[in-house]
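Printed here is model25.cif (mmCIF, C-alpha atoms):
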```cif
data_input
#
loop_
_atom_site.label_atom_id
_atom_site.label_comp_id
_atom_site.auth_asym_id
_atom_site.auth_seq_id
_atom_site.Cartn_x
_atom_site.Cartn_y
_atom_site.Cartn_z
CA MET A 20 0.00 0.00 0.00
CA GLN A 21 2.86 2.41 0.88
CA ILE A 22 4.50 1.80 -2.53
CA LEU A 23 1.21 2.50 -4.33
CA ARG A 24 0.86 5.75 -2.33
CA GLN A 25 4.41 6.73 -3.35
CA ILE A 26 3.68 6.08 -7.00
CA ILE A 27 0.51 8.17 -6.83
CA ILE A 28 2.27 11.05 -5.06
CA PHE A 29 5.23 10.99 -7.46
CA ALA A 30 2.86 10.98 -10.43
CA PHE A 31 0.86 14.00 -9.30
CA MET A 32 3.25 16.16 -7.31
CA LYS A 33 5.31 18.61 -9.27
CA ILE A 34 8.81 19.69 -8.35
CA VAL A 35 10.11 22.95 -9.78
CA LEU A 36 13.65 24.25 -9.72
CA LEU A 37 13.30 28.00 -10.04
CA THR A 38 16.42 29.97 -10.91
CA VAL A 39 17.23 33.63 -11.39
CA GLY A 40 18.83 34.28 -14.76
CA LYS A 41 20.06 31.94 -17.45
CA THR A 42 23.35 30.16 -17.30
CA ASP A 43 26.02 31.18 -19.78
CA ILE A 44 28.26 28.23 -18.89
CA SER A 45 27.55 25.49 -21.41
CA TRP A 46 28.63 22.53 -19.25
CA VAL A 47 26.40 23.75 -16.39
CA GLY A 48 23.40 23.85 -18.72
CA GLU A 49 24.27 20.46 -20.19
CA GLY A 50 24.65 18.90 -16.74
CA LEU A 51 21.37 20.37 -15.60
CA GLN A 52 19.60 18.90 -18.63
CA VAL A 53 21.08 15.44 -17.94
CA TYR A 54 19.69 15.39 -14.41
CA ALA A 55 16.41 17.08 -15.35
CA SER A 56 15.85 14.31 -17.88
CA ARG A 57 16.64 11.63 -15.29
CA LEU A 58 14.40 13.26 -12.68
CA ARG A 59 11.39 13.11 -14.97
CA HIS A 60 11.39 9.32 -14.47
CA TYR A 61 10.49 9.90 -10.81
CA ALA A 62 8.34 13.02 -10.66
CA LYS A 63 6.96 15.87 -12.71
CA PHE A 64 10.08 18.01 -12.76
CA GLU A 65 10.52 21.39 -14.37
CA VAL A 66 13.24 24.02 -14.47
CA LYS A 67 11.98 27.60 -14.65
CA GLU A 68 14.29 30.53 -15.27
CA ILE A 69 13.40 34.05 -14.25
CA PRO A 70 14.96 36.54 -16.68
CA GLU A 71 17.80 38.67 -15.36
CA LEU A 72 16.89 42.25 -14.59
CA LYS A 73 17.53 44.84 -17.23
CA ASN A 74 19.78 47.76 -16.21
CA ALA A 75 20.71 45.94 -12.99
CA SER A 76 23.99 47.85 -12.80
CA SER A 77 22.01 51.00 -11.96
CA LEU A 78 20.25 49.30 -9.01
CA SER A 79 21.41 48.69 -5.45
CA GLU A 80 21.72 45.14 -4.10
CA GLU A 81 18.51 45.62 -2.10
CA GLN A 82 16.63 46.86 -5.16
CA ILE A 83 17.86 43.86 -7.15
CA LYS A 84 16.78 41.43 -4.41
CA THR A 85 13.38 43.12 -4.15
CA LYS A 86 12.72 43.01 -7.90
CA GLU A 87 13.97 39.42 -8.22
CA GLY A 88 11.88 38.55 -5.16
CA LEU A 89 8.70 39.78 -6.80
CA SER A 90 9.42 37.53 -9.80
CA ILE A 91 10.21 34.57 -7.53
CA LEU A 92 6.94 35.01 -5.64
CA LYS A 93 4.97 35.28 -8.88
CA GLU A 94 6.54 32.15 -10.43
CA SER A 95 6.21 30.06 -7.25
CA ALA A 96 2.65 31.07 -6.38
CA GLY A 97 0.67 28.20 -4.86
CA MET A 98 3.76 26.06 -4.25
CA GLU A 99 5.72 25.27 -1.12
CA ILE A 100 8.91 27.32 -1.36
CA ILE A 101 12.23 25.84 -0.26
CA LEU A 102 15.22 28.17 -0.64
CA LEU A 103 18.68 26.96 -1.53
CA ASP A 104 20.50 29.26 0.84
CA GLU A 105 23.93 29.30 2.45
CA HIS A 106 22.28 29.68 5.88
CA GLY A 107 19.97 26.71 5.39
CA LYS A 108 20.09 23.26 6.94
CA GLU A 109 22.80 20.97 5.64
CA TYR A 110 21.95 17.35 4.87
CA ARG A 111 23.96 14.31 3.93
CA SER A 112 22.48 12.74 0.79
CA ILE A 113 20.72 9.99 2.77
CA GLU A 114 19.26 12.58 5.15
CA PHE A 115 18.04 14.71 2.26
CA ALA A 116 16.39 11.64 0.72
CA GLY A 117 14.62 11.04 4.04
CA TRP A 118 13.52 14.68 4.18
CA LEU A 119 12.21 14.46 0.60
CA GLN A 120 10.45 11.14 1.28
CA ASP A 121 8.74 12.64 4.32
CA ARG A 122 7.73 15.73 2.36
CA LEU A 123 6.34 13.65 -0.51
CA ASN A 124 4.45 11.37 1.87
CA ARG A 125 2.62 14.39 3.29
CA GLY A 126 1.40 15.34 -0.19
CA GLY A 127 -0.18 18.74 -0.58
CA LYS A 128 1.39 21.59 -2.48
CA ASP A 129 3.89 21.22 -5.27
CA ILE A 130 7.46 21.96 -4.20
CA CYS A 131 9.48 24.86 -5.59
CA PHE A 132 13.21 24.83 -4.83
CA VAL A 133 14.59 28.31 -5.48
CA ILE A 134 18.11 29.35 -6.41
CA GLY A 135 18.41 33.09 -5.97
CA GLY A 136 20.54 35.57 -7.81
CA ALA A 137 24.02 36.71 -6.91
CA TYR A 138 22.80 38.74 -3.91
CA GLY A 139 20.43 36.17 -2.43
CA PHE A 140 16.78 36.65 -1.51
CA SER A 141 14.59 39.54 -0.45
CA ALA A 142 12.99 39.68 2.99
CA GLU A 143 9.61 38.98 1.35
CA VAL A 144 10.87 35.72 -0.14
CA TYR A 145 12.39 34.64 3.18
CA SER A 146 9.08 35.39 4.92
CA VAL A 147 7.03 33.02 2.74
CA ALA A 148 9.57 30.21 2.41
CA SER A 149 8.83 27.10 4.44
CA GLY A 150 12.46 26.01 4.57
CA LYS A 151 16.06 26.63 3.61
CA ILE A 152 18.61 24.07 2.48
CA SER A 153 22.35 24.61 2.21
CA LEU A 154 24.36 22.42 -0.13
CA SER A 155 27.64 23.08 1.65
CA LYS A 156 29.50 25.40 3.96
CA MET A 157 31.37 26.41 0.81
CA THR A 158 29.94 28.98 -1.57
CA PHE A 159 29.11 27.96 -5.14
CA SER A 160 28.10 30.23 -7.98
CA HIS A 161 24.34 30.43 -8.36
CA GLN A 162 24.81 28.98 -11.85
CA MET A 163 26.71 25.88 -10.69
CA VAL A 164 24.20 25.21 -7.91
CA ARG A 165 21.63 24.30 -10.58
CA THR A 166 23.49 21.20 -11.67
CA ILE A 167 24.74 20.31 -8.20
CA PHE A 168 21.24 20.45 -6.72
CA ALA A 169 19.60 18.62 -9.64
CA GLU A 170 22.11 15.79 -9.15
CA GLN A 171 21.36 15.66 -5.41
CA LEU A 172 17.62 15.60 -6.10
CA TYR A 173 18.14 12.74 -8.56
CA ARG A 174 20.34 10.95 -6.00
CA ALA A 175 17.60 11.36 -3.37
CA PHE A 176 15.02 9.71 -5.63
CA THR A 177 17.34 6.79 -6.37
CA ILE A 178 17.89 6.35 -2.61
CA ILE A 179 14.13 6.46 -1.97
CA LYS A 180 13.57 3.85 -4.68
CA GLY A 181 16.46 1.67 -3.48
CA GLU A 182 18.29 1.95 -6.80
CA PRO A 183 22.06 1.39 -7.04
CA TYR A 184 23.25 4.94 -7.72
CA HIS A 185 24.27 6.06 -4.25
CA HIS A 186 26.96 4.12 -2.40
CA GLU A 187 27.40 4.38 1.34
#
```
This structure in structure tokens:
Amino acid sequence: MQILRQIIIFAFMKIVLLTVGKTDISWVGEGLQVYASRLRHYAKFEVKEIPELKNASSLSEEQIKTKEGLSILKESAGMEIILLDEHGKEYRSIEFAGWLQDRLNRGGKDICFVIGGAYGFSAEVYSVASGKISLSKMTFSHQMVRTIFAEQLYRAFTIIKGEPYHHE
């Protein structure tokens, strides 16, 4: 019965990876597409890119975060927002798989994982987010995080399904 429930949840729940700006690094985009393709075997998975702000050089960091924040809130409306943030909770891959399994078992809203721009998130985005996840104590470019996180999400699904991708 539990397996049938998992299949139903995976089939109906949508997972979105929302990013600010496009990547101009070809191997990052290629890697993201590899894992996005693999993830679609487990769940409805979509990558959404919010366009970079025009004339951003004339704006302050706060103004950039505010404007990007409005776009993030618009694109993630109706979804549970989880921020990929350097101050978030760190998980080992097995722990993240457990977190994801628990979240999927609860059902409910679609999940939107958000990678912010170079300056992070606005206060408004932080106030509506239901969680924050950090990938490492190290800092990665917001472009590279796309591929790194997509791989970890794929890894989590293979752990949940008991498939031989993760070795521990």
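Counting only C-alpha atoms, the residue from A:Trp118, A:Tyr54, A:Phe159, A:Phe64 that sits nearest to Ala137 in chain A is A:Phe159.
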For CA of Ser76 in chain A and CA of Gln162 in chain A, determine how far apart the two atoms are, in Å to one decimal place.
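If I compute the distance from CA of Ser76 in chain A to CA of Gln162 in chain A, I get 18.9 Å.
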Two-atom distance - CA of Arg111 in chain A, CA of Val47 in chain A (Å)
22.5 Å
Exercise: Lys41 in chain A partners within 10 Å, all atoms listed in the file, chain neighbours under 2 positions left out, as a PyMOL selection string
chain A and resi 38-39+43-44+48+67-71+162
Show which residues sit within 6 Å of Lys151 in chain A, as a PyMOL selection string. Count only C-alpha atoms, and ignore same-chain residues fewer than 4 positions away.
chain A and resi 101-104+107
One-decimal distance in Å that lies between CA of Val66 in chain A and CA of Leu36 in chain A
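Distance reported for this atom pair: 4.8 Å.
Take the candidates A:Ala96, A:Ile83, A:Ile34, A:Ala116 and check each one against Arg174 in chain A using only C-alpha atoms; the shortest distance goes to A:Ala116.
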Residues matched by the PyMOL selection byres ((chain A and resi 109) around 7), written as an NGL selection string:
:A and (107-108 or 110-111 or 152-155)
Return as a list of chain:residue names the set of residues that the PyMOL selection byres ((chain A and resi 100) around 10) yields on the displayed structure.
A:Val35, A:Leu37, A:Ile91, A:Leu92, A:Ser95, A:Ala96, A:Gly97, A:Met98, A:Glu99, A:Ile101, A:Leu102, A:Leu103, A:Lys128, A:Asp129, A:Ile130, A:Cys131, A:Phe132, A:Val133, A:Val144, A:Tyr145, A:Val147, A:Ala148, A:Ser149, A:Gly150, A:Lys151
Can you work out which one of A:Glu143, A:Val164, A:Leu58, A:Glu187 has the shortest atom-to-atom distance to Lys93 in chain A, counting all atoms listed in the file?
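Under the stated criterion, the closest residue is A:Glu143.
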What do you get, as a ChimeraX atom specification, if you spell out every residue that the PyMOL selection byres ((chain A and resi 169) around 10) selects here?
/A:36,50-55,57-58,66,164-168,170-175
Would you save the residues from that selection as a tab-separated table (two decimals), in the frame of the given file, using C-alpha atoms?
```tsv
chain	number	residue	atom	x	y	z
A	36	LEU	CA	13.65	24.25	-9.72
A	50	GLY	CA	24.65	18.90	-16.74
A	51	LEU	CA	21.37	20.37	-15.60
A	52	GLN	CA	19.60	18.90	-18.63
A	53	VAL	CA	21.08	15.44	-17.94
A	54	TYR	CA	19.69	15.39	-14.41
A	55	ALA	CA	16.41	17.08	-15.35
A	57	ARG	CA	16.64	11.63	-15.29
A	58	LEU	CA	14.40	13.26	-12.68
A	66	VAL	CA	13.24	24.02	-14.47
A	164	VAL	CA	24.20	25.21	-7.91
A	165	ARG	CA	21.63	24.30	-10.58
A	166	THR	CA	23.49	21.20	-11.67
A	167	ILE	CA	24.74	20.31	-8.20
A	168	PHE	CA	21.24	20.45	-6.72
A	170	GLU	CA	22.11	15.79	-9.15
A	171	GLN	CA	21.36	15.66	-5.41
A	172	LEU	CA	17.62	15.60	-6.10
A	173	TYR	CA	18.14	12.74	-8.56
A	174	ARG	CA	20.34	10.95	-6.00
A	175	ALA	CA	17.60	11.36	-3.37
```
Counting only C-alpha atoms, the residue of A:Trp46, A:Ser77, A:Phe176, A:Glu94 that sits nearest Gln120 in chain A
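Among the listed residues, the smallest separation from Gln120 in chain A belongs to A:Phe176.
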Quick one: axis-aligned box around all listed atoms of range 92-96 of chain A, 8 Å on every side, centre and edge lengths in Å to one decimal, written as lines of an AutoDock Vina configuration file.
```
center_x = 4.8
center_y = 32.7
center_z = -8.0
size_x = 20.3
size_y = 21.2
size_z = 20.8
```
Which residue gives the smallest distance to Lys156 in chain A among A:Ser141, A:Glu105, A:Gly135, A:Leu123, with all atoms listed in the file counted?
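Counting all atoms listed in the file, the residue closest to Lys156 in chain A is A:Glu105.
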Within 12 Å of Glu81 in chain A, counting all atoms listed in the file, which residues show up once you throw out same-chain ones fewer than 3 positions away? Write them as number ranges by chain, please.
A: 75, 77-78, 84-88, 136-143
Which neighbours of His185 in chain A fall inside 10 Å, counting only C-alpha atoms, when residues of the same chain fewer than 2 positions from it are skipped, and could you give them as number ranges by chain?
A: 112-113, 174-175, 177-178, 181-183, 187
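Comparing the minimum interatomic distances between Lys63 in chain A and each of A:Met32, A:Ile179, A:Met157, A:Met163, counting only C-alpha atoms, we find that A:Met32 sits nearest.
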